[in-house]
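The data block below is coords.tsv; it holds TSV, C-alpha atoms.
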chain	number	residue	atom	x	y	z
N	1	MET	CA	-148.34	130.52	-41.94
N	2	SER	CA	-148.21	132.18	-38.52
N	3	ASN	CA	-150.95	134.71	-37.77
N	4	ASP	CA	-148.58	136.38	-35.31
N	5	ASP	CA	-146.25	137.20	-38.19
N	6	ARG	CA	-149.04	137.96	-40.65
N	7	TYR	CA	-150.68	140.62	-38.52
N	8	SER	CA	-147.67	141.84	-36.57
N	9	ARG	CA	-147.63	145.33	-38.15
N	10	GLN	CA	-151.24	146.06	-37.27
N	11	LYS	CA	-151.00	144.72	-33.72
N	12	GLY	CA	-152.39	147.29	-31.29
N	13	ILE	CA	-154.41	148.95	-34.05
N	14	VAL	CA	-156.61	146.00	-35.02
N	15	PRO	CA	-157.29	143.97	-31.85
N	16	ALA	CA	-156.95	140.29	-32.77
N	17	GLU	CA	-159.43	139.08	-30.13
N	18	ARG	CA	-162.13	141.56	-31.14
N	19	ILE	CA	-161.81	141.08	-34.89
N	20	SER	CA	-161.86	137.29	-34.48
N	21	GLN	CA	-165.43	137.65	-33.18
N	22	CYS	CA	-166.61	139.71	-36.14
N	23	LYS	CA	-168.71	138.51	-39.02
N	24	ALA	CA	-168.75	141.21	-41.66
N	25	THR	CA	-171.36	141.75	-44.34
N	26	VAL	CA	-170.66	144.02	-47.33
N	27	ILE	CA	-173.76	144.98	-49.30
N	28	GLY	CA	-172.76	146.18	-52.75
N	29	VAL	CA	-169.28	145.45	-54.11
N	30	GLY	CA	-168.99	148.27	-56.61
N	31	ALA	CA	-166.44	151.05	-56.35
N	32	ILE	CA	-166.45	151.41	-52.54
N	33	GLY	CA	-167.69	147.98	-51.51
N	34	ARG	CA	-165.07	146.07	-53.45
N	35	GLN	CA	-162.29	148.02	-51.73
N	36	VAL	CA	-163.94	147.53	-48.32
N	37	ALA	CA	-164.09	143.77	-48.87
N	38	LEU	CA	-160.44	143.55	-49.91
N	39	GLN	CA	-159.32	145.54	-46.87
N	40	LEU	CA	-161.43	143.42	-44.53
N	41	ALA	CA	-159.84	140.28	-45.96
N	42	ALA	CA	-156.37	141.79	-45.51
N	43	ILE	CA	-156.80	142.85	-41.88
N	44	GLY	CA	-158.11	139.44	-40.81
N	45	VAL	CA	-161.88	139.37	-40.58
N	46	PRO	CA	-162.58	135.62	-40.30
N	47	TRP	CA	-166.00	135.58	-42.02
N	48	LEU	CA	-167.09	137.76	-44.90
N	49	GLN	CA	-170.45	137.91	-46.65
N	50	LEU	CA	-170.87	139.76	-49.97
N	51	PHE	CA	-174.02	140.89	-51.76
N	52	ASP	CA	-174.25	142.13	-55.33
N	53	HIS	CA	-176.46	141.01	-58.20
N	54	ASP	CA	-174.56	142.93	-60.91
N	55	ARG	CA	-172.03	141.56	-63.37
N	56	VAL	CA	-168.71	143.22	-64.19
N	57	GLU	CA	-168.94	145.60	-67.15
N	58	LEU	CA	-166.16	147.29	-69.10
N	59	THR	CA	-166.66	150.60	-67.26
N	60	ASN	CA	-166.07	148.81	-63.94
N	61	ILE	CA	-162.40	148.17	-64.73
N	62	ALA	CA	-161.36	151.82	-64.44
N	63	SER	CA	-163.97	152.94	-61.92
N	64	GLN	CA	-164.10	149.93	-59.58
N	65	GLY	CA	-160.79	148.12	-60.00
N	66	TYR	CA	-162.04	144.90	-61.53
N	67	PHE	CA	-159.76	142.91	-63.82
N	68	GLU	CA	-160.25	142.41	-67.54
N	69	GLU	CA	-160.70	138.69	-66.97
N	70	ASP	CA	-163.60	139.50	-64.60
N	71	LEU	CA	-165.78	140.82	-67.43
N	72	ASN	CA	-169.31	139.35	-67.33
N	73	ARG	CA	-168.66	137.59	-64.02
N	74	PHE	CA	-170.82	138.38	-61.02
N	75	LYS	CA	-169.11	141.06	-58.96
N	76	ALA	CA	-169.73	139.12	-55.76
N	77	ASP	CA	-167.94	136.04	-57.13
N	78	ALA	CA	-165.02	137.99	-58.60
N	79	THR	CA	-164.50	139.91	-55.35
N	80	ALA	CA	-164.83	136.75	-53.27
N	81	ASP	CA	-162.08	135.05	-55.30
N	82	LEU	CA	-159.69	137.96	-54.81
N	83	CYS	CA	-160.46	138.15	-51.09
N	84	TRP	CA	-159.68	134.46	-50.78
N	85	HIS	CA	-156.37	134.96	-52.61
N	86	ILE	CA	-155.52	137.64	-50.05
N	87	ASN	CA	-156.51	135.44	-47.11
N	88	SER	CA	-156.99	131.72	-47.72
N	89	GLN	CA	-158.16	131.27	-44.11
N	90	LEU	CA	-161.16	133.50	-44.77
N	91	GLU	CA	-164.62	131.94	-44.73
N	92	ILE	CA	-166.47	133.76	-47.48
N	93	ASP	CA	-170.13	133.73	-48.47
N	94	PRO	CA	-170.88	135.50	-51.79
N	95	HIS	CA	-174.49	136.17	-52.84
N	96	THR	CA	-175.16	136.98	-56.49
N	97	GLU	CA	-178.54	138.46	-55.64
N	98	ARG	CA	-180.09	141.58	-54.16
N	99	PHE	CA	-180.11	141.91	-50.39
N	100	ARG	CA	-183.37	140.71	-48.84
N	101	ARG	CA	-184.75	141.37	-45.35
N	102	SER	CA	-184.98	137.67	-44.58
N	103	ILE	CA	-181.27	136.97	-45.14
N	104	LYS	CA	-179.15	136.63	-42.03
N	105	THR	CA	-176.19	139.01	-41.91
N	106	GLY	CA	-173.05	139.39	-39.84
N	107	ASN	CA	-172.76	141.48	-36.68
N	108	VAL	CA	-170.96	144.24	-38.63
N	109	VAL	CA	-172.56	145.62	-41.82
N	110	PHE	CA	-170.94	147.80	-44.48
N	111	CYS	CA	-173.55	149.46	-46.69
N	112	CYS	CA	-172.09	150.35	-50.10
N	113	VAL	CA	-175.14	150.82	-52.30
N	114	ASP	CA	-176.11	153.67	-54.61
N	115	SER	CA	-179.62	154.69	-53.60
N	116	ILE	CA	-181.24	156.15	-50.50
N	117	ALA	CA	-184.25	153.84	-50.83
N	118	THR	CA	-181.99	150.78	-50.70
N	119	ARG	CA	-180.13	152.21	-47.70
N	120	GLN	CA	-183.43	152.67	-45.90
N	121	LEU	CA	-184.40	149.06	-46.60
N	122	ILE	CA	-181.05	147.77	-45.36
N	123	TRP	CA	-181.02	149.92	-42.23
N	124	GLU	CA	-184.55	148.92	-41.23
N	125	SER	CA	-183.64	145.27	-41.81
N	126	VAL	CA	-180.37	145.09	-39.86
N	127	LYS	CA	-180.42	147.90	-37.28
N	128	ASN	CA	-181.53	145.60	-34.46
N	129	ARG	CA	-179.14	142.77	-35.32
N	130	THR	CA	-175.87	144.54	-35.98
N	131	SER	CA	-173.45	146.07	-33.49
N	132	CYS	CA	-171.76	148.32	-36.03
N	133	PHE	CA	-173.24	149.75	-39.24
N	134	ILE	CA	-171.08	151.77	-41.65
N	135	ASP	CA	-172.43	153.46	-44.77
N	136	GLY	CA	-170.18	154.74	-47.58
N	137	ARG	CA	-171.42	157.22	-50.19
N	138	MET	CA	-169.67	158.87	-53.11
N	139	ALA	CA	-170.25	161.12	-56.11
N	140	ALA	CA	-167.21	161.94	-58.26
N	141	GLU	CA	-164.71	163.45	-55.79
N	142	VAL	CA	-167.04	163.90	-52.83
N	143	LEU	CA	-167.45	161.15	-50.24
N	144	ARG	CA	-169.40	160.61	-47.07
N	145	VAL	CA	-168.97	157.96	-44.37
N	146	LEU	CA	-171.64	157.45	-41.73
N	147	THR	CA	-171.26	155.15	-38.73
N	148	ALA	CA	-173.93	153.90	-36.33
N	149	CYS	CA	-172.56	151.91	-33.40
N	150	ASP	CA	-173.97	153.49	-30.24
N	151	VAL	CA	-177.21	155.09	-29.06
N	152	LYS	CA	-176.51	158.62	-30.32
N	153	SER	CA	-175.10	157.62	-33.70
N	154	ARG	CA	-177.99	155.21	-34.22
N	155	GLU	CA	-180.38	158.09	-33.61
N	156	TYR	CA	-178.43	160.32	-35.99
N	157	TYR	CA	-178.10	157.94	-38.94
N	158	PRO	CA	-181.82	157.85	-39.94
N	159	THR	CA	-181.75	161.66	-40.29
N	160	THR	CA	-179.43	161.20	-43.28
N	161	LEU	CA	-181.92	159.01	-45.14
N	162	PHE	CA	-183.60	161.89	-46.94
N	163	THR	CA	-186.19	161.43	-49.65
N	164	SER	CA	-185.21	161.04	-53.27
N	165	GLU	CA	-186.55	164.55	-53.95
N	166	GLN	CA	-184.04	165.95	-51.45
N	167	ALA	CA	-181.13	163.90	-52.73
N	168	TYR	CA	-178.18	165.15	-54.74
N	169	THR	CA	-179.37	165.27	-58.33
N	170	GLY	CA	-176.38	163.42	-59.81
N	171	SER	CA	-176.32	159.64	-59.80
N	172	CYS	CA	-173.78	158.00	-57.51
N	173	THR	CA	-172.60	155.96	-60.47
N	174	ALA	CA	-172.62	158.75	-63.08
N	175	LYS	CA	-169.12	159.93	-62.12
N	176	THR	CA	-166.99	157.44	-60.24
N	177	THR	CA	-163.31	157.72	-59.39
N	178	ILE	CA	-161.47	154.75	-57.96
N	179	TYR	CA	-159.19	156.96	-55.86
N	180	CYS	CA	-162.18	158.54	-54.12
N	181	ALA	CA	-163.65	155.06	-53.58
N	182	ASN	CA	-160.38	153.89	-52.02
N	183	ILE	CA	-160.33	156.84	-49.62
N	184	ALA	CA	-163.95	156.21	-48.65
N	185	ALA	CA	-163.22	152.52	-48.05
N	186	GLY	CA	-160.16	153.39	-45.96
N	187	LEU	CA	-162.21	155.75	-43.79
N	188	MET	CA	-164.85	153.05	-43.34
N	189	ILE	CA	-162.26	150.50	-42.21
N	190	SER	CA	-160.70	153.13	-39.95
N	191	GLN	CA	-164.07	153.68	-38.28
N	192	PHE	CA	-164.42	149.92	-37.90
N	193	THR	CA	-161.05	149.57	-36.17
N	194	LYS	CA	-161.93	152.46	-33.84
N	195	TYR	CA	-165.09	150.56	-32.95
N	196	LEU	CA	-162.99	147.45	-32.26
N	197	ARG	CA	-160.77	149.47	-29.89
N	198	ASN	CA	-163.77	151.07	-28.14
N	199	LEU	CA	-162.59	154.50	-29.28
N	200	PRO	CA	-164.95	157.39	-30.11
N	201	VAL	CA	-166.30	157.00	-33.65
N	202	GLU	CA	-167.38	159.91	-35.84
N	203	ALA	CA	-171.03	159.65	-36.84
N	204	ASP	CA	-170.63	161.56	-40.11
N	205	ILE	CA	-167.51	162.36	-42.14
N	206	GLN	CA	-167.80	164.35	-45.37
N	207	PHE	CA	-164.77	164.96	-47.57
N	208	ASN	CA	-164.58	167.00	-50.76
N	209	LEU	CA	-161.31	165.97	-52.42
N	210	LEU	CA	-161.41	168.68	-55.07
N	211	ALA	CA	-161.82	171.50	-52.57
N	212	ASN	CA	-159.79	169.65	-49.90
N	213	GLU	CA	-162.55	170.29	-47.37
N	214	ILE	CA	-163.56	167.90	-44.64
N	215	SER	CA	-166.35	168.14	-42.09
N	216	VAL	CA	-166.99	165.83	-39.15
N	217	GLU	CA	-170.14	165.35	-37.08
N	218	GLN	CA	-169.65	164.13	-33.54
N	219	CYS	CA	-172.63	162.68	-31.68
Mind turning the file's structure into structure tokens?
Amino acid sequence: MSNDDRYSRQKGIVPAERISQCKATVIGVGAIGRQVALQLAAIGVPWLQLFDHDRVELTNIASQGYFEEDLNRFKADATADLCWHINSQLEIDPHTERFRRSIKTGNVVFCCVDSIATRQLIWESVKNRTSCFIDGRMAAEVLRVLTACDVKSREYYPTTLFTSEQAYTGSCTAKTTIYCANIAAGLMISQFTKYLRNLPVEADIQFNLLANEISVEQC
């Protein structure tokens, strides 16, 4: 199978030389993270690392896009198998455990977890060893994508790690829609490809699908 043919329609949008040097880590393969991983496999990331200690439950079929035959499997393993089916050349490293500070990650990290405390832990662990950090958040039909890949955006990102008392009162997993997760994942991959092309990247994108309102923070 020729890579020239495989990636011909994204040529000029996803630089082959830049993406070939990327090792991507996705922490959390729930609603958003699963879609991020599948898109990364499709666009040609050569190495993909997945973290999630949860198993697939019945509610994850509608809200996260898992298959019925995935029930009771670890999400990391189920997602890894599908990524490999998309791209058999992909080197994939699934971890059926929680992320730990001591674990080595790739040079690009996608944070797709559901608590501020966990985001803080991840950011403090990887901020000095990743060139691009992208965080996806969602509650029902509201999403937020934050990107830290230069000095100003790296200074901005920690200001979004508010305390649990200041956080939105609804759980990120209480109301989950797969279409909102797909949009969030698409925006995260879009930010990643902008980074690959050395284009300006938005530090903070917030999108309310119900109200059709979007706000963007430029650093």
Checklist entry - If you measure from atom CA of Leu146 of chain N to atom CA of Glu217 of chain N, what distance in Å do you get, rounded to one decimal? => result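 So the two atoms, atom CA of Leu146 of chain N and atom CA of Glu217 of chain N, lie 9.3 Å apart.
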Next on the checklist: So that I can check the surroundings of segment 179-182 of chain N, please list as a list in words every protein, DNA and RNA residue that reaches within 10 Å of it, counting all atoms listed in the file and ignoring chain neighbours fewer than 6 positions away.
Outcome noted: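 Counting only the stated atoms, we get Gly30, Ala31, Ile32, Gly33, Arg34, Gln35, Val36, Gln39, Ser63, Gln64, Gly65, Gly136, Arg137, Met138, Ala139, Ala140, Glu141, Val142, Leu143, Met188, Phe207, Asn208 and Leu209 of chain N.
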Using only C-alpha atoms, please write the residues we just selected to a file, as a compact mmCIF listing (two decimals), keeping the file's coordinate frame.
# COMPACT_ATOMS: atom_id res chain seq x y z
CA GLY N 30 -168.99 148.27 -56.61
CA ALA N 31 -166.44 151.05 -56.35
CA ILE N 32 -166.45 151.41 -52.54
CA GLY N 33 -167.69 147.98 -51.51
CA ARG N 34 -165.07 146.07 -53.45
CA GLN N 35 -162.29 148.02 -51.73
CA VAL N 36 -163.94 147.53 -48.32
CA GLN N 39 -159.32 145.54 -46.87
CA SER N 63 -163.97 152.94 -61.92
CA GLN N 64 -164.10 149.93 -59.58
CA GLY N 65 -160.79 148.12 -60.00
CA GLY N 136 -170.18 154.74 -47.58
CA ARG N 137 -171.42 157.22 -50.19
CA MET N 138 -169.67 158.87 -53.11
CA ALA N 139 -170.25 161.12 -56.11
CA ALA N 140 -167.21 161.94 -58.26
CA GLU N 141 -164.71 163.45 -55.79
CA VAL N 142 -167.04 163.90 -52.83
CA LEU N 143 -167.45 161.15 -50.24
CA MET N 188 -164.85 153.05 -43.34
CA PHE N 207 -164.77 164.96 -47.57
CA ASN N 208 -164.58 167.00 -50.76
CA LEU N 209 -161.31 165.97 -52.42
Checklist outcome for this item: In Å and to one decimal, atom CA of Arg100 of chain N is distant from atom CA of Leu40 of chain N by 22.5 Å
Checklist entry - So which one's closest to Ile189 of chain N, N:Leu90, N:Val56, N:Cys132, N:Val151? Using all atoms listed in the file, please. => result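 Of the candidates, the smallest distance to Ile189 of chain N is held by N:Cys132.
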Checklist entry - Do you know which residues are at most 7 Å from Cys22 of chain N counting all atoms listed in the file, after dropping those on the same chain fewer than 4 positions away, and could you put them as a VMD selection string? => result chain N and resid 18 45 107 to 108
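Shortest atom-to-atom contact with Glu91 of chain N among N:Ser215, N:Thr193, N:Gln49, N:Thr177: N:Gln49, counting only C-alpha atoms.
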